[in-house]
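Below is the file entry-v7.txt, which contains compact mmCIF, C-alpha atoms.
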```txt
# COMPACT_ATOMS: atom_id res chain seq x y z
CA MET V 1 9.82 -17.98 75.70
CA MET V 2 12.01 -21.01 76.00
CA LYS V 3 14.42 -21.00 78.87
CA PHE V 4 17.97 -20.16 77.94
CA ALA V 5 19.29 -23.49 79.21
CA ALA V 6 16.85 -25.34 76.96
CA ILE V 7 17.88 -23.29 73.94
CA CYS V 8 21.58 -23.81 74.60
CA HIS V 9 21.01 -27.52 75.04
CA MET V 10 19.82 -27.63 71.44
CA TYR V 11 23.00 -26.14 70.08
CA LYS V 12 26.27 -27.16 71.65
CA ALA V 13 29.47 -25.24 71.01
CA VAL V 14 31.68 -26.47 68.24
CA LYS V 15 34.80 -28.32 69.32
CA PHE V 16 37.19 -29.16 66.55
CA PRO V 17 37.83 -32.89 66.46
CA LEU V 18 41.40 -33.85 67.21
CA ARG V 19 43.06 -35.06 64.07
CA CYS V 20 46.71 -35.91 64.22
CA LEU V 21 47.19 -35.47 60.51
CA MET V 22 45.42 -33.63 57.69
CA SER V 23 46.64 -33.52 54.09
CA ALA V 24 45.76 -31.18 51.25
CA ARG V 25 47.70 -32.09 48.14
CA HIS V 26 51.31 -31.63 49.23
CA LEU V 27 50.40 -29.77 52.44
CA THR V 28 50.57 -31.65 55.74
CA MET V 29 49.18 -30.08 58.90
CA VAL V 30 49.22 -31.25 62.49
CA ASN V 31 46.75 -30.09 65.14
CA ILE V 32 48.16 -29.85 68.65
CA PRO V 33 45.50 -28.92 71.25
CA VAL V 34 46.61 -26.41 73.87
CA THR V 35 43.16 -26.07 75.47
CA ASN V 36 39.64 -26.85 74.28
CA ASN V 37 39.58 -23.43 72.60
CA ILE V 38 43.19 -23.03 71.46
CA LYS V 39 45.14 -25.25 69.11
CA LEU V 40 48.50 -24.98 67.42
CA VAL V 41 48.54 -26.00 63.78
CA THR V 42 51.94 -26.69 62.28
CA SER V 43 53.59 -28.26 59.26
CA SER V 44 56.43 -30.68 59.84
CA GLU V 45 58.17 -33.47 57.95
CA ASN V 46 57.83 -35.87 60.89
CA PRO V 47 55.15 -34.54 63.26
CA LEU V 48 53.07 -37.56 64.23
CA LYS V 49 54.94 -38.78 67.28
CA THR V 50 55.00 -35.34 68.90
CA ALA V 51 51.34 -34.61 68.11
CA CYS V 52 49.97 -37.95 69.28
CA ASN V 53 52.01 -38.25 72.46
CA PRO V 54 52.01 -34.91 74.31
CA TYR V 55 54.29 -36.21 77.06
CA LEU V 56 56.99 -37.57 74.76
CA LYS V 57 60.34 -35.80 75.00
CA ASP V 58 62.36 -35.98 71.84
CA PRO V 59 64.06 -32.61 71.28
CA SER V 60 65.27 -32.02 67.76
CA LYS V 61 69.02 -32.10 67.26
CA ASN V 62 68.94 -30.63 63.77
CA ASN V 63 67.26 -27.80 61.88
CA GLU V 64 64.05 -29.64 61.01
CA ALA V 65 60.76 -28.27 62.30
CA HIS V 66 60.04 -30.68 65.16
CA LEU V 67 57.66 -29.84 67.99
CA VAL V 68 57.70 -31.49 71.41
CA ILE V 69 55.21 -30.87 74.18
CA GLU V 70 56.80 -31.21 77.59
CA ALA V 71 54.27 -29.87 80.11
CA GLN V 72 50.96 -31.36 81.15
CA LYS V 73 48.48 -28.59 81.84
CA GLN V 74 46.51 -26.73 79.19
CA SER V 75 47.91 -23.18 79.02
CA LYS V 76 51.25 -24.32 80.45
CA VAL V 77 51.93 -26.58 77.50
CA ARG V 78 55.54 -26.17 76.47
CA VAL V 79 56.47 -26.44 72.80
CA VAL V 80 60.14 -26.87 71.93
CA THR V 81 61.01 -25.68 68.44
CA SER V 82 64.10 -26.22 66.37
CA GLU V 83 66.54 -23.45 65.45
CA ASN V 84 64.53 -22.66 62.33
CA GLU V 85 61.63 -20.90 64.07
CA ARG V 86 58.47 -20.22 62.07
CA PRO V 87 56.36 -17.07 62.42
CA ILE V 88 52.91 -17.41 63.97
CA ALA V 89 49.52 -16.33 62.64
CA LEU V 90 46.84 -15.93 65.31
CA ILE V 91 43.42 -16.76 63.85
CA PHE V 92 40.48 -15.71 66.04
CA SER V 93 37.55 -17.68 64.60
CA TRP V 94 33.98 -16.49 64.27
CA MET V 95 31.29 -17.97 66.50
CA LEU V 96 30.60 -21.67 65.84
CA ALA V 97 32.81 -21.66 62.78
CA LYS V 98 32.97 -24.96 60.94
CA GLU V 99 36.38 -26.58 60.84
CA LYS V 100 36.40 -26.86 57.05
CA HIS V 101 35.86 -23.12 56.70
CA VAL V 102 38.57 -22.07 59.17
CA THR V 103 40.96 -24.63 57.70
CA LYS V 104 40.89 -22.79 54.38
CA PHE V 105 42.56 -19.79 56.00
CA VAL V 106 44.87 -21.97 58.09
CA LYS V 107 46.14 -23.63 54.91
CA PHE V 108 46.95 -20.27 53.37
CA TYR V 109 49.21 -19.28 56.26
CA ILE V 110 50.77 -22.73 56.58
CA SER V 111 51.60 -22.74 52.86
CA ASN V 112 53.37 -19.40 53.27
CA GLY V 113 55.69 -20.65 56.01
CA TYR V 114 53.63 -19.87 59.10
CA ASP V 115 52.43 -21.93 62.01
CA VAL V 116 48.92 -21.06 63.16
CA ILE V 117 47.33 -20.70 66.58
CA ASN V 118 43.58 -20.99 66.17
CA ILE V 119 41.38 -19.51 68.92
CA SER V 120 37.67 -20.29 69.17
CA ILE V 121 34.90 -19.39 71.59
CA SER V 122 31.52 -20.92 72.47
CA PRO V 123 28.21 -19.12 73.16
CA MET V 124 28.41 -19.81 76.89
CA GLN V 125 31.97 -18.51 77.05
CA LEU V 126 30.80 -15.29 75.42
CA LEU V 127 27.77 -14.86 77.67
CA PHE V 128 29.81 -15.43 80.83
CA PRO V 129 33.16 -13.76 80.04
CA VAL V 130 34.79 -14.01 83.47
CA SER V 131 34.73 -17.81 83.35
CA GLY V 132 34.78 -17.99 79.56
CA SER V 133 36.38 -15.57 77.11
CA GLN V 134 38.70 -14.03 79.67
CA VAL V 135 40.06 -17.45 80.58
CA ILE V 136 40.70 -18.14 76.89
CA ALA V 137 42.55 -14.82 76.55
CA ALA V 138 44.67 -15.58 79.61
CA ASP V 139 45.42 -19.12 78.39
CA LEU V 140 46.60 -17.78 75.03
CA LEU V 141 48.91 -15.24 76.63
CA LYS V 142 50.30 -17.79 79.09
CA PHE V 143 50.99 -20.19 76.23
CA LEU V 144 52.81 -17.54 74.19
CA TYR V 145 54.68 -16.33 77.27
CA THR V 146 55.80 -19.88 78.06
CA ASN V 147 56.92 -20.36 74.45
CA LYS V 148 58.77 -17.13 73.81
CA GLU V 149 60.29 -18.50 70.61
CA LEU V 150 56.79 -18.52 69.06
CA LYS V 151 56.56 -15.03 67.55
CA PRO V 152 53.08 -13.87 66.49
CA LYS V 153 53.35 -11.89 63.25
CA VAL V 154 49.75 -11.69 62.03
CA VAL V 155 46.44 -11.35 63.85
CA HIS V 156 43.51 -12.43 61.65
CA GLY V 157 40.20 -12.04 63.46
CA PHE V 158 36.69 -12.82 62.28
CA SER V 159 33.51 -11.36 63.78
CA VAL V 160 33.50 -12.12 67.54
CA GLY V 161 37.23 -12.75 67.20
CA GLY V 162 37.65 -8.98 67.46
CA TYR V 163 35.99 -9.07 70.87
CA VAL V 164 38.22 -11.96 72.00
CA PHE V 165 41.30 -10.04 70.87
CA GLY V 166 39.97 -7.11 72.90
CA GLU V 167 39.96 -9.39 75.95
CA VAL V 168 43.58 -10.29 75.15
CA LEU V 169 44.46 -6.58 75.01
CA THR V 170 42.67 -5.97 78.32
CA HIS V 171 44.64 -8.77 79.96
CA VAL V 172 47.89 -7.30 78.63
CA ARG V 173 46.98 -3.86 79.97
CA ASN V 174 46.41 -5.37 83.40
CA GLN V 175 49.77 -7.21 83.38
CA PRO V 176 51.99 -5.22 80.99
CA ASN V 177 55.31 -6.34 82.45
CA SER V 178 54.52 -9.99 81.84
CA PHE V 179 52.58 -10.01 78.59
CA ARG V 180 53.33 -6.85 76.62
CA PRO V 181 56.41 -8.44 74.96
CA VAL V 182 54.17 -11.26 73.67
CA LEU V 183 52.46 -8.80 71.29
CA ASP V 184 55.51 -6.77 70.29
CA SER V 185 56.29 -8.99 67.30
CA ILE V 186 52.89 -8.47 65.62
CA SER V 187 53.42 -6.83 62.21
CA ALA V 188 49.92 -6.90 60.70
CA GLN V 189 46.28 -7.05 61.79
CA VAL V 190 43.37 -8.25 59.67
CA PHE V 191 39.77 -8.09 60.89
CA ASP V 192 36.96 -9.56 58.83
CA SER V 193 33.41 -8.50 59.85
CA ALA V 194 34.57 -7.22 63.24
CA VAL V 195 31.74 -6.91 65.78
CA ASP V 196 31.53 -4.46 68.67
CA PHE V 197 29.60 -5.31 71.83
CA GLU V 198 26.30 -3.85 70.60
CA GLY V 199 26.29 -6.48 67.84
CA ILE V 200 26.41 -9.41 70.28
CA PRO V 201 22.63 -10.09 70.53
CA ALA V 202 22.02 -10.23 66.78
CA GLY V 203 25.35 -11.87 65.99
CA LEU V 204 25.25 -14.65 68.59
CA SER V 205 21.60 -15.54 67.96
CA ARG V 206 22.19 -15.70 64.20
CA ALA V 207 25.27 -17.90 64.66
CA MET V 208 23.36 -20.31 66.88
CA PHE V 209 20.20 -20.47 64.78
CA PRO V 210 20.98 -19.34 61.22
CA LYS V 211 17.82 -20.93 59.76
CA LEU V 212 15.42 -21.32 62.69
CA VAL V 213 13.97 -17.82 62.84
CA PRO V 214 11.66 -18.28 65.87
CA LEU V 215 14.51 -19.63 67.99
CA ARG V 216 16.82 -16.89 66.71
CA VAL V 217 14.31 -14.22 67.75
CA ALA V 218 13.88 -15.85 71.16
CA MET V 219 17.64 -16.09 71.68
CA GLU V 220 18.25 -12.48 70.65
CA ALA V 221 15.60 -11.32 73.12
CA TYR V 222 17.19 -13.42 75.86
CA ILE V 223 20.69 -12.05 75.15
CA ARG V 224 19.43 -8.46 75.36
CA TYR V 225 17.80 -9.33 78.68
CA HIS V 226 20.99 -11.09 79.80
CA MET V 227 23.10 -8.01 79.00
CA LYS V 228 20.68 -5.84 80.98
CA VAL V 229 20.41 -7.92 84.15
CA MET V 230 24.01 -9.20 84.05
CA GLN V 231 25.53 -5.75 83.72
CA ASN V 232 28.41 -6.40 86.13
CA LYS V 233 29.07 -9.99 85.10
CA ALA V 234 28.83 -9.55 81.34
CA THR V 235 28.11 -6.16 79.76
CA THR V 236 30.76 -4.27 81.72
CA HIS V 237 33.37 -6.72 80.46
CA TYR V 238 32.12 -6.39 76.86
CA MET V 239 32.50 -2.62 77.12
CA GLN V 240 35.98 -2.93 78.62
CA SER V 241 37.04 -5.20 75.76
CA SER V 242 35.62 -2.71 73.28
CA MET V 243 37.59 0.12 74.91
CA SER V 244 40.78 -1.93 74.77
CA PHE V 245 40.12 -2.82 71.14
CA HIS V 246 39.46 0.78 70.10
CA GLY V 247 42.47 1.96 72.11
CA THR V 248 44.71 -0.94 71.08
CA ILE V 249 48.31 -1.08 72.20
CA VAL V 250 49.23 -2.98 69.01
CA LYS V 251 50.30 -0.36 66.48
CA ALA V 252 50.85 -2.64 63.48
CA PRO V 253 49.14 -1.75 60.17
CA ALA V 254 45.58 -3.06 59.82
CA LEU V 255 43.15 -4.20 57.17
CA PHE V 256 39.39 -4.08 57.85
CA ILE V 257 37.11 -6.15 55.61
CA TYR V 258 33.36 -5.58 55.91
CA SER V 259 30.13 -5.08 53.98
CA LYS V 260 27.52 -2.35 53.70
CA ALA V 261 24.85 -5.05 53.97
CA ASP V 262 26.15 -6.65 57.18
CA PRO V 263 23.79 -5.86 60.10
CA ILE V 264 26.21 -7.37 62.65
CA GLY V 265 29.72 -6.19 61.74
CA THR V 266 28.36 -2.92 60.43
CA GLU V 267 30.07 -0.45 58.14
CA GLU V 268 29.50 2.28 60.74
CA GLY V 269 31.14 0.22 63.48
CA ASN V 270 34.17 -0.55 61.33
CA LEU V 271 34.54 3.10 60.33
CA ARG V 272 34.42 4.16 63.99
CA LEU V 273 37.17 1.66 64.76
CA LYS V 274 39.16 2.89 61.77
CA GLU V 275 38.93 6.46 63.03
CA SER V 276 40.04 5.45 66.55
CA TRP V 277 43.06 3.57 65.23
CA GLU V 278 44.09 6.25 62.75
CA ASN V 279 43.93 8.84 65.55
CA ALA V 280 46.40 6.60 67.41
CA GLY V 281 48.77 6.64 64.44
CA ILE V 282 47.91 3.21 63.04
CA GLN V 283 47.82 2.76 59.28
CA VAL V 284 44.43 1.30 58.34
CA GLN V 285 43.28 -0.02 54.99
CA THR V 286 39.67 -0.99 54.30
CA LYS V 287 37.84 -3.22 51.85
CA CYS V 288 34.10 -2.68 51.81
CA PHE V 289 31.82 -4.94 49.81
CA GLU V 290 28.30 -3.98 48.82
CA LYS V 291 26.11 -6.97 49.62
CA SER V 292 28.07 -9.92 51.01
CA PRO V 293 26.70 -11.39 54.29
CA HIS V 294 28.48 -11.48 57.63
CA VAL V 295 31.82 -13.38 57.51
CA SER V 296 31.05 -14.46 53.94
CA HIS V 297 33.07 -11.93 51.97
CA PHE V 298 35.58 -14.41 50.64
CA TYR V 299 32.85 -16.84 49.64
CA HIS V 300 31.10 -14.19 47.54
CA HIS V 301 34.18 -12.29 46.33
CA PRO V 302 37.13 -14.72 46.25
CA GLU V 303 39.16 -12.76 43.68
CA GLU V 304 38.87 -9.37 45.37
CA TYR V 305 39.30 -10.80 48.86
CA SER V 306 42.41 -12.76 47.89
CA THR V 307 44.02 -9.82 46.11
CA GLU V 308 43.28 -7.41 48.96
CA LEU V 309 44.59 -9.70 51.71
CA VAL V 310 47.72 -10.83 49.91
CA SER V 311 48.53 -7.28 48.78
CA PHE V 312 48.23 -6.05 52.37
CA LEU V 313 50.39 -8.82 53.80
CA ALA V 314 52.97 -8.26 51.04
CA GLN V 315 53.15 -4.56 51.95
CA CYS V 316 53.88 -5.62 55.51
CA GLY V 317 56.61 -7.99 54.29
CA LEU V 318 54.78 -11.05 55.55
CA VAL V 319 54.24 -13.04 52.35
CA PRO V 320 56.52 -13.56 49.34
CA GLN V 321 57.04 -10.61 47.07
CA ASN V 322 55.97 -12.67 44.04
CA PHE V 323 52.50 -11.19 44.22
CA GLN V 324 50.70 -13.08 41.44
CA THR V 325 52.05 -16.44 42.60
CA CYS V 326 50.90 -15.75 46.15
CA VAL V 327 47.40 -14.70 45.05
CA SER V 328 47.08 -17.86 42.98
CA LYS V 329 48.24 -19.93 45.95
CA MET V 330 45.67 -18.32 48.23
CA LYS V 331 42.79 -18.95 45.82
CA GLU V 332 43.95 -22.55 45.48
CA LYS V 333 44.09 -23.11 49.24
CA LEU V 334 40.87 -21.22 50.02
```
What does the file become when written as structure tokens?
Amino acid sequence: MMKFAAICHMYKAVKFPLRCLMSARHLTMVNIPVTNNIKLVTSSENPLKTACNPYLKDPSKNNEAHLVIEAQKQSKVRVVTSENERPIALIFSWMLAKEKHVTKFVKFYISNGYDVINISISPMQLLFPVSGSQVIAADLLKFLYTNKELKPKVVHGFSVGGYVFGEVLTHVRNQPNSFRPVLDSISAQVFDSAVDFEGIPAGLSRAMFPKLVPLRVAMEAYIRYHMKVMQNKATTHYMQSSMSFHGTIVKAPALFIYSKADPIGTEEGNLRLKESWENAGIQVQTKCFEKSPHVSHFYHHPEEYSTELVSFLAQCGLVPQNFQTCVSKMKEKL
């Protein structure tokens, strides 16, 4: 068996390239890195100077959507918004997600008046949570706490993103006085192909080596070994995140999207989570597809996926009430 270090060397974690400006038809988006794993994506009429110079101070004196970064250190980045504050969508990406795929969902929220905070995670950060995923969760909460005017309204998690959100919930439980208010504004939760901790070996190995079966098998075997021998440094933290996720303190309505054919974000796992949340008084809707692969439900069922998501967000009052127009907009952006 190849050594883990050698395998990881062959597949580095994805880091989204910094682009000051992206355009899609009439949609302009600006990426502002908070850390290597967290970035704020916003739409502004004049964003370039604030995105390209993070130390420039130029507070807005009118109602336009200007952003200015004033601090210098990763999670302590300070964003100054204008009086017209925009709601925030938190997108927890799947493992090694390609930028072009995540951007499709980012565009949907941006086009509906949101700013987006995109959170990603690498294989090493998953395997060593104390120095990895838990740091990302803490950085996200510190950033939102520092910028209290940024109000998260939607959590949209994909695959391992459910685990990362569980780490966020664990961090909030440990420091409720500081961070509980950060999550109070959340009005809707969407989880696509959510994975519990028992799906980590198959899910991570498949994400790293989707086509190289021998390496995928070797990696899955290593991860199972890793979870066994690193019980205190890894598996215990996965289980704690799972407990926090199942016993979430966020009571906003939820939509679970999954497939009967998904061996990673299984139907059984999603139904267990649904039962836990409904027992806690959370309204849960589900959309189960028959055969679509892991985190590929929109790709295989764009019409149904779009209608289900937009209908759910409209019920929560988070997208325009003009339902057909919003569905058409989503299909166009995605």
Residues of segment 86-188 of chain V within 10 Å of segment 262-275 of chain V: nearest atom pair and distance (Å, one decimal) for each, counting all atoms listed in the file, sorted by chain and number, as a tab-separated table?
```
residue	atom	partner	partner_atom	distance
V:Phe158	CA	V:Gly265	CA	9.6
V:Ser159	CA	V:Gly265	CA	6.7
V:Val160	CA	V:Gly265	CA	9.1
```
To one decimal place in Å, what is the distance between atom CA of Val135 of chain V and atom CA of Glu167 of chain V? 9.3 Å
Can you tell me which residues surround Pro293 of chain V at a distance of at most 8 Å, considering all atoms listed in the file, apart from same-chain residues fewer than 4 positions away, and format the answer as a ChimeraX atom specification? /V:259,261-262,297
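Counting only C-alpha atoms and comparing V:Val172, V:Val102, V:Glu303, V:His237, the residue that lies closest to Ser131 of chain V is V:His237.
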Report the distance between atom CA of Cys288 of chain V and atom CA of Tyr163 of chain V in Å, rounded to one decimal place.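 Interatomic distance, atom CA of Cys288 of chain V to atom CA of Tyr163 of chain V: 20.2 Å.
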So which one's closest to Arg224 of chain V, V:Ala97, V:Leu127, V:Ile117, V:Met239? Using all atoms listed in the file, please. V:Leu127
Distance criterion (all atoms listed in the file): nearest to Pro253 of chain V out of V:Ala314, V:Val217, V:Ile200, V:Leu141: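 Residue with the minimum atom-to-atom distance to Pro253 of chain V: V:Ala314.
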Smallest atom-to-atom distance to Arg86 of chain V: which of V:Val229, V:Ile121, V:Val168, V:Leu318, using only C-alpha atoms?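 Result for the nearest residue to Arg86 of chain V: V:Leu318.
We find atom CA of Trp277 of chain V and atom CA of Met243 of chain V to be spaced 11.6 Å apart.
Counting all atoms listed in the file and comparing V:Val295, V:Val190, V:Val116, V:Met230, the residue that lies closest to Pro152 of chain V is V:Val116.
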Out of V:Glu198, V:Asp192, V:Glu278, V:Glu220, which residue has the shortest atom-to-atom distance to Ser292 of chain V when counting all atoms listed in the file?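 The shortest atom-to-atom distance to Ser292 of chain V comes from V:Asp192.
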